[in-house]
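A.B. asks: My file is coords_32.cif. It has mmCIF, N, CA and C atoms:
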data_run
#
loop_
_atom_site.label_atom_id
_atom_site.label_comp_id
_atom_site.auth_asym_id
_atom_site.auth_seq_id
_atom_site.Cartn_x
_atom_site.Cartn_y
_atom_site.Cartn_z
N MET A 1 -28.25 -20.18 -4.91
CA MET A 1 -28.31 -18.81 -5.36
C MET A 1 -27.01 -18.10 -5.00
N LYS A 2 -26.42 -17.46 -5.98
CA LYS A 2 -25.16 -16.77 -5.75
C LYS A 2 -25.40 -15.48 -4.97
N GLU A 3 -24.46 -15.19 -4.07
CA GLU A 3 -24.48 -13.93 -3.34
C GLU A 3 -23.31 -13.10 -3.82
N TYR A 4 -23.55 -11.82 -4.04
CA TYR A 4 -22.51 -10.96 -4.56
C TYR A 4 -22.16 -9.86 -3.58
N PHE A 5 -20.92 -9.44 -3.67
CA PHE A 5 -20.43 -8.27 -2.94
C PHE A 5 -20.18 -7.21 -3.99
N TYR A 6 -20.66 -6.01 -3.74
CA TYR A 6 -20.59 -4.94 -4.74
C TYR A 6 -19.38 -4.05 -4.48
N LEU A 7 -18.58 -3.89 -5.51
CA LEU A 7 -17.38 -3.07 -5.45
C LEU A 7 -17.71 -1.72 -6.06
N LYS A 8 -17.27 -0.67 -5.41
CA LYS A 8 -17.57 0.66 -5.92
C LYS A 8 -16.37 1.22 -6.65
N LYS A 9 -16.57 1.40 -7.91
CA LYS A 9 -15.57 2.05 -8.76
C LYS A 9 -16.35 3.07 -9.57
N ASP A 10 -15.91 3.40 -10.76
CA ASP A 10 -16.70 4.30 -11.60
C ASP A 10 -18.07 3.70 -11.89
N GLU A 11 -18.08 2.41 -12.10
CA GLU A 11 -19.31 1.65 -12.30
C GLU A 11 -19.40 0.66 -11.14
N ILE A 12 -20.61 0.26 -10.84
CA ILE A 12 -20.76 -0.75 -9.78
C ILE A 12 -20.36 -2.10 -10.37
N ASP A 13 -19.44 -2.74 -9.70
CA ASP A 13 -18.96 -4.06 -10.11
C ASP A 13 -19.35 -5.02 -9.00
N LYS A 14 -19.52 -6.27 -9.32
CA LYS A 14 -19.86 -7.25 -8.30
C LYS A 14 -18.92 -8.44 -8.40
N ILE A 15 -18.72 -9.04 -7.24
CA ILE A 15 -17.87 -10.22 -7.16
C ILE A 15 -18.61 -11.25 -6.31
N ASP A 16 -18.51 -12.48 -6.70
CA ASP A 16 -19.17 -13.56 -5.98
C ASP A 16 -18.51 -13.69 -4.60
N ILE A 17 -19.32 -13.75 -3.56
CA ILE A 17 -18.78 -13.89 -2.20
C ILE A 17 -18.00 -15.18 -2.06
N GLU A 18 -18.36 -16.20 -2.81
CA GLU A 18 -17.60 -17.46 -2.77
C GLU A 18 -16.17 -17.24 -3.26
N ASP A 19 -15.95 -16.30 -4.16
CA ASP A 19 -14.59 -15.99 -4.61
C ASP A 19 -13.79 -15.35 -3.47
N ILE A 20 -14.43 -14.50 -2.69
CA ILE A 20 -13.75 -13.89 -1.54
C ILE A 20 -13.46 -14.97 -0.50
N ASN A 21 -14.40 -15.89 -0.30
CA ASN A 21 -14.16 -17.01 0.62
C ASN A 21 -12.96 -17.83 0.16
N ALA A 22 -12.90 -18.11 -1.13
CA ALA A 22 -11.78 -18.90 -1.68
C ALA A 22 -10.45 -18.18 -1.46
N LEU A 23 -10.45 -16.86 -1.65
CA LEU A 23 -9.23 -16.08 -1.41
C LEU A 23 -8.83 -16.15 0.07
N ALA A 24 -9.81 -16.13 0.94
CA ALA A 24 -9.53 -16.24 2.38
C ALA A 24 -8.87 -17.58 2.69
N PHE A 25 -9.40 -18.66 2.13
CA PHE A 25 -8.81 -19.99 2.37
C PHE A 25 -7.41 -20.08 1.78
N PHE A 26 -7.22 -19.49 0.61
CA PHE A 26 -5.88 -19.45 0.01
C PHE A 26 -4.92 -18.70 0.92
N THR A 27 -5.37 -17.57 1.43
CA THR A 27 -4.55 -16.75 2.33
C THR A 27 -4.12 -17.57 3.54
N LEU A 28 -5.06 -18.33 4.09
CA LEU A 28 -4.75 -19.14 5.27
C LEU A 28 -3.77 -20.27 4.95
N SER A 29 -3.67 -20.64 3.68
CA SER A 29 -2.74 -21.71 3.31
C SER A 29 -1.30 -21.21 3.18
N LEU A 30 -1.12 -19.90 3.13
CA LEU A 30 0.23 -19.34 3.03
C LEU A 30 0.93 -19.46 4.38
N THR A 31 2.19 -19.73 4.35
CA THR A 31 2.97 -19.85 5.58
C THR A 31 3.16 -18.46 6.18
N THR A 32 2.83 -18.33 7.44
CA THR A 32 3.02 -17.06 8.13
C THR A 32 3.69 -17.32 9.47
N ARG A 33 4.34 -16.30 9.95
CA ARG A 33 4.99 -16.41 11.26
C ARG A 33 3.99 -16.13 12.37
N GLY A 34 3.11 -15.18 12.12
CA GLY A 34 2.11 -14.83 13.12
C GLY A 34 0.78 -15.45 12.77
N LYS A 35 -0.11 -15.38 13.68
CA LYS A 35 -1.43 -15.97 13.47
C LYS A 35 -2.53 -14.91 13.53
N THR A 36 -2.19 -13.65 13.24
CA THR A 36 -3.22 -12.61 13.25
C THR A 36 -3.71 -12.37 11.83
N VAL A 37 -4.90 -11.83 11.74
CA VAL A 37 -5.50 -11.53 10.43
C VAL A 37 -4.61 -10.57 9.65
N ASP A 38 -4.12 -9.54 10.31
CA ASP A 38 -3.29 -8.55 9.61
C ASP A 38 -2.00 -9.18 9.08
N THR A 39 -1.45 -10.15 9.81
CA THR A 39 -0.26 -10.84 9.35
C THR A 39 -0.56 -11.63 8.08
N TYR A 40 -1.68 -12.30 8.07
CA TYR A 40 -2.07 -13.06 6.87
C TYR A 40 -2.29 -12.12 5.67
N ILE A 41 -2.96 -11.00 5.88
CA ILE A 41 -3.22 -10.05 4.79
C ILE A 41 -1.91 -9.47 4.27
N LEU A 42 -1.02 -9.13 5.17
CA LEU A 42 0.29 -8.60 4.77
C LEU A 42 1.06 -9.64 3.96
N HIS A 43 1.00 -10.88 4.39
CA HIS A 43 1.70 -11.96 3.68
C HIS A 43 1.08 -12.20 2.30
N LEU A 44 -0.24 -12.09 2.21
CA LEU A 44 -0.93 -12.24 0.92
C LEU A 44 -0.49 -11.15 -0.05
N LYS A 45 -0.48 -9.93 0.43
CA LYS A 45 -0.04 -8.80 -0.42
C LYS A 45 1.40 -9.01 -0.89
N LYS A 46 2.24 -9.38 0.03
CA LYS A 46 3.65 -9.62 -0.29
C LYS A 46 3.79 -10.76 -1.30
N TYR A 47 2.99 -11.80 -1.13
CA TYR A 47 3.02 -12.95 -2.04
C TYR A 47 2.74 -12.50 -3.47
N PHE A 48 1.70 -11.69 -3.67
CA PHE A 48 1.36 -11.25 -5.02
C PHE A 48 2.37 -10.25 -5.57
N GLU A 49 2.94 -9.42 -4.71
CA GLU A 49 3.96 -8.47 -5.16
C GLU A 49 5.23 -9.20 -5.62
N GLU A 50 5.63 -10.21 -4.88
CA GLU A 50 6.88 -10.91 -5.19
C GLU A 50 6.73 -11.92 -6.33
N ASN A 51 5.57 -12.52 -6.45
CA ASN A 51 5.40 -13.59 -7.43
C ASN A 51 4.76 -13.14 -8.74
N GLU A 52 4.12 -11.99 -8.74
CA GLU A 52 3.48 -11.46 -9.93
C GLU A 52 2.71 -12.54 -10.69
N VAL A 53 1.95 -13.31 -9.97
CA VAL A 53 1.15 -14.36 -10.60
C VAL A 53 -0.13 -13.76 -11.16
N ASN A 54 -0.63 -14.40 -12.19
CA ASN A 54 -1.89 -13.98 -12.78
C ASN A 54 -2.79 -15.20 -12.84
N ASN A 55 -3.50 -15.44 -11.75
CA ASN A 55 -4.37 -16.60 -11.67
C ASN A 55 -5.67 -16.22 -10.98
N TYR A 56 -6.46 -17.20 -10.69
CA TYR A 56 -7.76 -17.01 -10.04
C TYR A 56 -7.64 -16.15 -8.79
N PHE A 57 -6.72 -16.47 -7.89
CA PHE A 57 -6.59 -15.74 -6.64
C PHE A 57 -6.06 -14.33 -6.82
N SER A 58 -5.08 -14.16 -7.69
CA SER A 58 -4.55 -12.81 -7.91
C SER A 58 -5.60 -11.92 -8.56
N ASN A 59 -6.42 -12.48 -9.42
CA ASN A 59 -7.48 -11.69 -10.04
C ASN A 59 -8.50 -11.21 -9.01
N ILE A 60 -8.86 -12.09 -8.09
CA ILE A 60 -9.78 -11.70 -7.02
C ILE A 60 -9.14 -10.63 -6.15
N TYR A 61 -7.90 -10.86 -5.75
CA TYR A 61 -7.20 -9.90 -4.90
C TYR A 61 -7.12 -8.54 -5.58
N ASN A 62 -6.76 -8.51 -6.84
CA ASN A 62 -6.63 -7.23 -7.56
C ASN A 62 -7.97 -6.51 -7.66
N ARG A 63 -9.05 -7.24 -7.71
CA ARG A 63 -10.37 -6.62 -7.79
C ARG A 63 -10.79 -6.01 -6.46
N ILE A 64 -10.39 -6.61 -5.35
CA ILE A 64 -10.90 -6.14 -4.05
C ILE A 64 -9.90 -5.33 -3.23
N CYS A 65 -8.63 -5.35 -3.59
CA CYS A 65 -7.59 -4.77 -2.71
C CYS A 65 -7.76 -3.28 -2.46
N ASN A 66 -8.43 -2.57 -3.34
CA ASN A 66 -8.61 -1.13 -3.15
C ASN A 66 -10.01 -0.76 -2.67
N ASP A 67 -10.79 -1.75 -2.33
CA ASP A 67 -12.13 -1.52 -1.81
C ASP A 67 -12.12 -1.81 -0.31
N PHE A 68 -12.29 -0.77 0.49
CA PHE A 68 -12.19 -0.90 1.94
C PHE A 68 -13.12 -1.96 2.51
N LYS A 69 -14.38 -1.94 2.10
CA LYS A 69 -15.34 -2.90 2.64
C LYS A 69 -15.05 -4.33 2.18
N ALA A 70 -14.60 -4.48 0.96
CA ALA A 70 -14.27 -5.82 0.47
C ALA A 70 -13.09 -6.40 1.25
N MET A 71 -12.10 -5.57 1.52
CA MET A 71 -10.96 -6.04 2.31
C MET A 71 -11.39 -6.33 3.75
N ARG A 72 -12.31 -5.53 4.27
CA ARG A 72 -12.83 -5.79 5.61
C ARG A 72 -13.56 -7.13 5.64
N LEU A 73 -14.29 -7.42 4.57
CA LEU A 73 -14.98 -8.71 4.49
C LEU A 73 -13.96 -9.85 4.45
N LEU A 74 -12.92 -9.71 3.64
CA LEU A 74 -11.88 -10.74 3.57
C LEU A 74 -11.25 -10.97 4.95
N LYS A 75 -10.93 -9.90 5.65
CA LYS A 75 -10.35 -10.03 6.98
C LYS A 75 -11.30 -10.71 7.96
N THR A 76 -12.59 -10.39 7.84
CA THR A 76 -13.58 -10.99 8.73
C THR A 76 -13.71 -12.48 8.47
N ILE A 77 -13.68 -12.87 7.21
CA ILE A 77 -13.76 -14.30 6.86
C ILE A 77 -12.53 -15.04 7.40
N ILE A 78 -11.37 -14.44 7.23
CA ILE A 78 -10.14 -15.06 7.76
C ILE A 78 -10.24 -15.19 9.28
N ASN A 79 -10.73 -14.15 9.93
CA ASN A 79 -10.87 -14.18 11.38
C ASN A 79 -11.84 -15.28 11.82
N LEU A 80 -12.95 -15.42 11.09
CA LEU A 80 -13.89 -16.50 11.40
C LEU A 80 -13.22 -17.87 11.30
N CYS A 81 -12.42 -18.04 10.26
CA CYS A 81 -11.71 -19.33 10.08
C CYS A 81 -10.74 -19.58 11.22
N LEU A 82 -10.02 -18.55 11.65
CA LEU A 82 -9.07 -18.72 12.75
C LEU A 82 -9.78 -19.06 14.06
N ILE A 83 -10.92 -18.40 14.30
CA ILE A 83 -11.69 -18.69 15.52
C ILE A 83 -12.25 -20.11 15.46
N GLU A 84 -12.81 -20.49 14.30
CA GLU A 84 -13.34 -21.84 14.16
C GLU A 84 -12.25 -22.89 14.35
N ASN A 85 -11.06 -22.60 13.86
CA ASN A 85 -9.94 -23.52 14.06
C ASN A 85 -9.64 -23.69 15.55
N ASN A 86 -9.64 -22.58 16.29
CA ASN A 86 -9.42 -22.66 17.74
C ASN A 86 -10.50 -23.50 18.41
N LEU A 87 -11.75 -23.27 18.02
CA LEU A 87 -12.86 -24.02 18.61
C LEU A 87 -12.75 -25.51 18.27
N ASN A 88 -12.41 -25.79 17.02
CA ASN A 88 -12.28 -27.19 16.60
C ASN A 88 -11.12 -27.90 17.28
N ASN A 89 -10.12 -27.14 17.70
CA ASN A 89 -8.96 -27.71 18.39
C ASN A 89 -9.18 -27.80 19.89
N GLY A 90 -10.43 -27.59 20.32
CA GLY A 90 -10.74 -27.77 21.74
C GLY A 90 -10.62 -26.54 22.59
N ASP A 91 -10.30 -25.41 22.00
CA ASP A 91 -10.17 -24.17 22.78
C ASP A 91 -11.54 -23.50 22.91
N ILE A 92 -12.46 -24.26 23.53
CA ILE A 92 -13.82 -23.78 23.68
C ILE A 92 -13.95 -23.11 25.04
N ASN A 93 -14.07 -21.81 25.01
CA ASN A 93 -14.29 -21.04 26.23
C ASN A 93 -15.21 -19.87 25.90
N GLN A 94 -15.70 -19.21 26.90
CA GLN A 94 -16.68 -18.15 26.69
C GLN A 94 -16.09 -17.01 25.86
N GLU A 95 -14.84 -16.72 26.04
CA GLU A 95 -14.20 -15.64 25.27
C GLU A 95 -14.21 -15.95 23.76
N ASN A 96 -13.83 -17.17 23.40
CA ASN A 96 -13.83 -17.56 21.98
C ASN A 96 -15.24 -17.63 21.41
N ILE A 97 -16.18 -18.10 22.21
CA ILE A 97 -17.57 -18.16 21.76
C ILE A 97 -18.10 -16.75 21.52
N ASN A 98 -17.83 -15.84 22.45
CA ASN A 98 -18.26 -14.45 22.28
C ASN A 98 -17.60 -13.81 21.06
N LEU A 99 -16.31 -14.08 20.88
CA LEU A 99 -15.59 -13.54 19.73
C LEU A 99 -16.16 -14.07 18.42
N TYR A 100 -16.53 -15.34 18.41
CA TYR A 100 -17.13 -15.96 17.23
C TYR A 100 -18.45 -15.27 16.88
N HIS A 101 -19.30 -15.08 17.88
CA HIS A 101 -20.58 -14.41 17.65
C HIS A 101 -20.40 -12.96 17.19
N LYS A 102 -19.45 -12.29 17.80
CA LYS A 102 -19.16 -10.89 17.42
C LYS A 102 -18.67 -10.83 15.96
N THR A 103 -17.85 -11.78 15.57
CA THR A 103 -17.30 -11.79 14.21
C THR A 103 -18.38 -12.14 13.18
N ILE A 104 -19.26 -13.04 13.51
CA ILE A 104 -20.38 -13.35 12.63
C ILE A 104 -21.27 -12.12 12.47
N SER A 105 -21.49 -11.43 13.54
CA SER A 105 -22.28 -10.19 13.49
C SER A 105 -21.60 -9.16 12.59
N GLU A 106 -20.30 -9.05 12.70
CA GLU A 106 -19.52 -8.12 11.86
C GLU A 106 -19.67 -8.51 10.39
N TYR A 107 -19.57 -9.80 10.10
CA TYR A 107 -19.75 -10.29 8.73
C TYR A 107 -21.11 -9.87 8.18
N ASN A 108 -22.15 -10.10 8.96
CA ASN A 108 -23.50 -9.74 8.52
C ASN A 108 -23.67 -8.24 8.32
N LYS A 109 -23.06 -7.44 9.19
CA LYS A 109 -23.12 -5.98 9.05
C LYS A 109 -22.45 -5.52 7.76
N ILE A 110 -21.31 -6.11 7.44
CA ILE A 110 -20.59 -5.74 6.21
C ILE A 110 -21.43 -6.07 4.99
N ILE A 111 -22.01 -7.26 4.95
CA ILE A 111 -22.83 -7.69 3.82
C ILE A 111 -24.06 -6.78 3.68
N THR A 112 -24.75 -6.56 4.78
CA THR A 112 -25.96 -5.73 4.76
C THR A 112 -25.64 -4.30 4.35
N SER A 113 -24.60 -3.76 4.89
CA SER A 113 -24.18 -2.40 4.57
C SER A 113 -23.82 -2.28 3.09
N ASN A 114 -23.12 -3.29 2.58
CA ASN A 114 -22.72 -3.28 1.17
C ASN A 114 -23.94 -3.32 0.26
N GLN A 115 -24.90 -4.16 0.59
CA GLN A 115 -26.11 -4.25 -0.23
C GLN A 115 -26.91 -2.95 -0.17
N ARG A 116 -27.01 -2.35 1.01
CA ARG A 116 -27.71 -1.07 1.17
C ARG A 116 -27.02 0.02 0.37
N ASP A 117 -25.71 0.11 0.48
CA ASP A 117 -24.96 1.13 -0.25
C ASP A 117 -25.14 0.98 -1.76
N CYS A 118 -25.13 -0.24 -2.24
CA CYS A 118 -25.30 -0.50 -3.67
C CYS A 118 -26.70 -0.07 -4.11
N TYR A 119 -27.69 -0.43 -3.33
CA TYR A 119 -29.07 -0.07 -3.64
C TYR A 119 -29.21 1.46 -3.71
N LEU A 120 -28.67 2.16 -2.72
CA LEU A 120 -28.76 3.62 -2.69
C LEU A 120 -28.02 4.26 -3.85
N LEU A 121 -26.88 3.70 -4.19
CA LEU A 121 -26.11 4.23 -5.31
C LEU A 121 -26.86 4.03 -6.63
N LYS A 122 -27.42 2.86 -6.82
CA LYS A 122 -28.21 2.60 -8.03
C LYS A 122 -29.42 3.53 -8.08
N LYS A 123 -30.05 3.73 -6.96
CA LYS A 123 -31.25 4.58 -6.89
C LYS A 123 -30.90 6.04 -7.20
N SER A 124 -29.76 6.49 -6.73
CA SER A 124 -29.35 7.88 -6.96
C SER A 124 -28.94 8.15 -8.41
N ARG A 125 -28.58 7.10 -9.13
CA ARG A 125 -28.16 7.26 -10.53
C ARG A 125 -29.33 7.23 -11.49
N LYS A 126 -30.52 6.94 -11.01
CA LYS A 126 -31.69 6.87 -11.89
C LYS A 126 -32.21 8.24 -12.22
#
How would this structure read if it were set down as structure tokens?

C.D. replies:
Amino acid sequence: MKEYFYLKKDEIDKIDIEDINALAFFTLSLTTRGKTVDTYILHLKKYFEENEVNNYFSNIYNRICNDFKAMRLLKTIINLCLIENNLNNGDINQENINLYHKTISEYNKIITSNQRDCYLLKKSRK
């Protein structure tokens, strides 16, 4: 079953969460100097500005780049990947485990909040 993230514009638009996941993995494949989420996001933005590509990833990025919650979701997914990479590389300590749980909680809050907001918006338009 597909899960969607709802984008708020003039009309409610939805995007498959798997597309946002794919964009996160693409972002992580870009060469960066730093290893922070903000560095990856900045590099992604710069990549699309400099290359003016029109493909699967640029279409997803263009759909979500002006939606605060969608970008927050993208950042959270990237952060989860970075934490999982640390854990998989043997950096298993209580701090990383706590950070992982906190980030998963953040992911769930974003999804739940987005679904609630969409429901309320649809209800108010009836």

A.B. asks: Can you list what the PyMOL selection byres (((chain A and resi 57 and name CA) around 10) and name CA) grabs from this structure, as a list in words?

C.D. replies: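 Taken on the displayed file, the PyMOL selection byres (((chain A and resi 57 and name CA) around 10) and name CA) yields the residues Asp19, Ile20, Ala22, Leu23, Ala24, Phe26, Thr27, Phe48, Val53, Asn54, Asn55, Tyr56, Ser58, Asn59, Ile60, Tyr61, Asn62 and Arg63 of chain A.
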
A.B. asks: Find the distance between atom N of Lys8 (chain A) and CA of Asp67 (chain A) and write it in Å to one decimal.

C.D. replies: 6.3 Å

A.B. asks: Once 5 Å is added on each side, what centre and edge lengths in Å to one decimal does the axis-aligned box around all listed atoms of region 42-59 of chain A have, as lines of an AutoDock Vina configuration file?

C.D. replies:
center_x = -0.8
center_y = -12.8
center_z = -3.8
size_x = 25.4
size_y = 18.7
size_z = 28.0

A.B. asks: For the atom pair CA of Asn114 (chain A) and CA of Glu95 (chain A), what is the interatomic distance in Å to one decimal place?

C.D. replies: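 Between these atoms lies a distance of 28.4 Å.
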
A.B. asks: Just list as a count of residues only whatever in chain A DSSP marks as alpha helix (DSSP H).

C.D. replies: 89

A.B. asks: Enumerate, as a PyMOL selection string, the complete set of residues in chain A that a backbone-based DSSP assignment places in strand (DSSP E).

C.D. replies: chain A and resi 4-8+12-16

A.B. asks: Grab the atom C of Ile15 (chain A) to atom C of Glu3 (chain A) distance for me, in Å with one decimal place.

C.D. replies: 5.6 Å

A.B. asks: Hey, what's within 9 Å of region 38-44 of chain A if we count only C-alpha atoms and toss same-chain stuff fewer than 5 positions away? As a PDB file with N, CA and C atoms, keeping the file's coordinate frame, please?

C.D. replies:
ATOM      1  N   PHE A  26      -7.220 -19.490   0.610  1.00  0.00           N
ATOM      2  CA  PHE A  26      -5.880 -19.450   0.010  1.00  0.00           C
ATOM      3  C   PHE A  26      -4.920 -18.700   0.920  1.00  0.00           C
ATOM      4  N   THR A  27      -5.370 -17.570   1.430  1.00  0.00           N
ATOM      5  CA  THR A  27      -4.550 -16.750   2.330  1.00  0.00           C
ATOM      6  C   THR A  27      -4.120 -17.570   3.540  1.00  0.00           C
ATOM      7  N   LEU A  28      -5.060 -18.330   4.090  1.00  0.00           N
ATOM      8  CA  LEU A  28      -4.750 -19.140   5.270  1.00  0.00           C
ATOM      9  C   LEU A  28      -3.770 -20.270   4.950  1.00  0.00           C
ATOM     10  N   LEU A  30      -1.120 -19.900   3.130  1.00  0.00           N
ATOM     11  CA  LEU A  30       0.230 -19.340   3.030  1.00  0.00           C
ATOM     12  C   LEU A  30       0.930 -19.460   4.380  1.00  0.00           C
ATOM     13  N   THR A  31       2.190 -19.730   4.350  1.00  0.00           N
ATOM     14  CA  THR A  31       2.970 -19.850   5.580  1.00  0.00           C
ATOM     15  C   THR A  31       3.160 -18.460   6.180  1.00  0.00           C
ATOM     16  N   THR A  32       2.830 -18.330   7.440  1.00  0.00           N
ATOM     17  CA  THR A  32       3.020 -17.060   8.130  1.00  0.00           C
ATOM     18  C   THR A  32       3.690 -17.320   9.470  1.00  0.00           C
ATOM     19  N   ARG A  33       4.340 -16.300   9.950  1.00  0.00           N
ATOM     20  CA  ARG A  33       4.990 -16.410  11.260  1.00  0.00           C
ATOM     21  C   ARG A  33       3.990 -16.130  12.370  1.00  0.00           C
ATOM     22  N   GLU A  49       2.940  -9.420  -4.710  1.00  0.00           N
ATOM     23  CA  GLU A  49       3.960  -8.470  -5.160  1.00  0.00           C
ATOM     24  C   GLU A  49       5.230  -9.200  -5.620  1.00  0.00           C
ATOM     25  N   TYR A  61      -7.900 -10.860  -5.750  1.00  0.00           N
ATOM     26  CA  TYR A  61      -7.200  -9.900  -4.900  1.00  0.00           C
ATOM     27  C   TYR A  61      -7.120  -8.540  -5.580  1.00  0.00           C
ATOM     28  N   LEU A  74     -12.920  -9.710   3.640  1.00  0.00           N
ATOM     29  CA  LEU A  74     -11.880 -10.740   3.570  1.00  0.00           C
ATOM     30  C   LEU A  74     -11.250 -10.970   4.950  1.00  0.00           C
ATOM     31  N   LYS A  75     -10.930  -9.900   5.650  1.00  0.00           N
ATOM     32  CA  LYS A  75     -10.350 -10.030   6.980  1.00  0.00           C
ATOM     33  C   LYS A  75     -11.300 -10.710   7.960  1.00  0.00           C
ATOM     34  N   ILE A  78     -11.370 -14.440   7.230  1.00  0.00           N
ATOM     35  CA  ILE A  78     -10.140 -15.060   7.760  1.00  0.00           C
ATOM     36  C   ILE A  78     -10.240 -15.190   9.280  1.00  0.00           C
TER      37      ILE A  78
END

A.B. asks: Closest to Tyr4 (chain A) among A:Leu73, A:Leu82, A:Ile17, A:Leu121, using all atoms listed in the file?

C.D. replies: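 Closest to Tyr4 (chain A) of all the choices is A:Ile17.
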
A.B. asks: Restricting the calculation to only C-alpha atoms, which member of A:Ser124, A:Thr76, A:Asn85, A:Asn51 is positioned closest to Ile104 (chain A)?

C.D. replies: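 Looking only at the distances to Ile104 (chain A), the closest residue turns out to be A:Thr76.
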
A.B. asks: So that I can check the surroundings of Glu11 (chain A), please list as a VMD selection string every protein, DNA and RNA residue that reaches within 12 Å of it, counting only C-alpha atoms and ignoring chain neighbours fewer than 3 positions away.

C.D. replies: chain A and resid 6 to 8 14 118 121 to 122 125

A.B. asks: Could you check which of A:Asn21, A:Tyr47, A:Ile111, A:Thr36 is closest to Ile83 (chain A), using only C-alpha atoms?

C.D. replies: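 Of all the options, A:Thr36 lies closest to Ile83 (chain A).
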
A.B. asks: Choose the residue, out of A:Tyr107, A:Val37, A:Lys102, A:Phe5, that has the smallest atom-to-atom separation from Asn79 (chain A); count only N, CA and C atoms.

C.D. replies: A:Val37
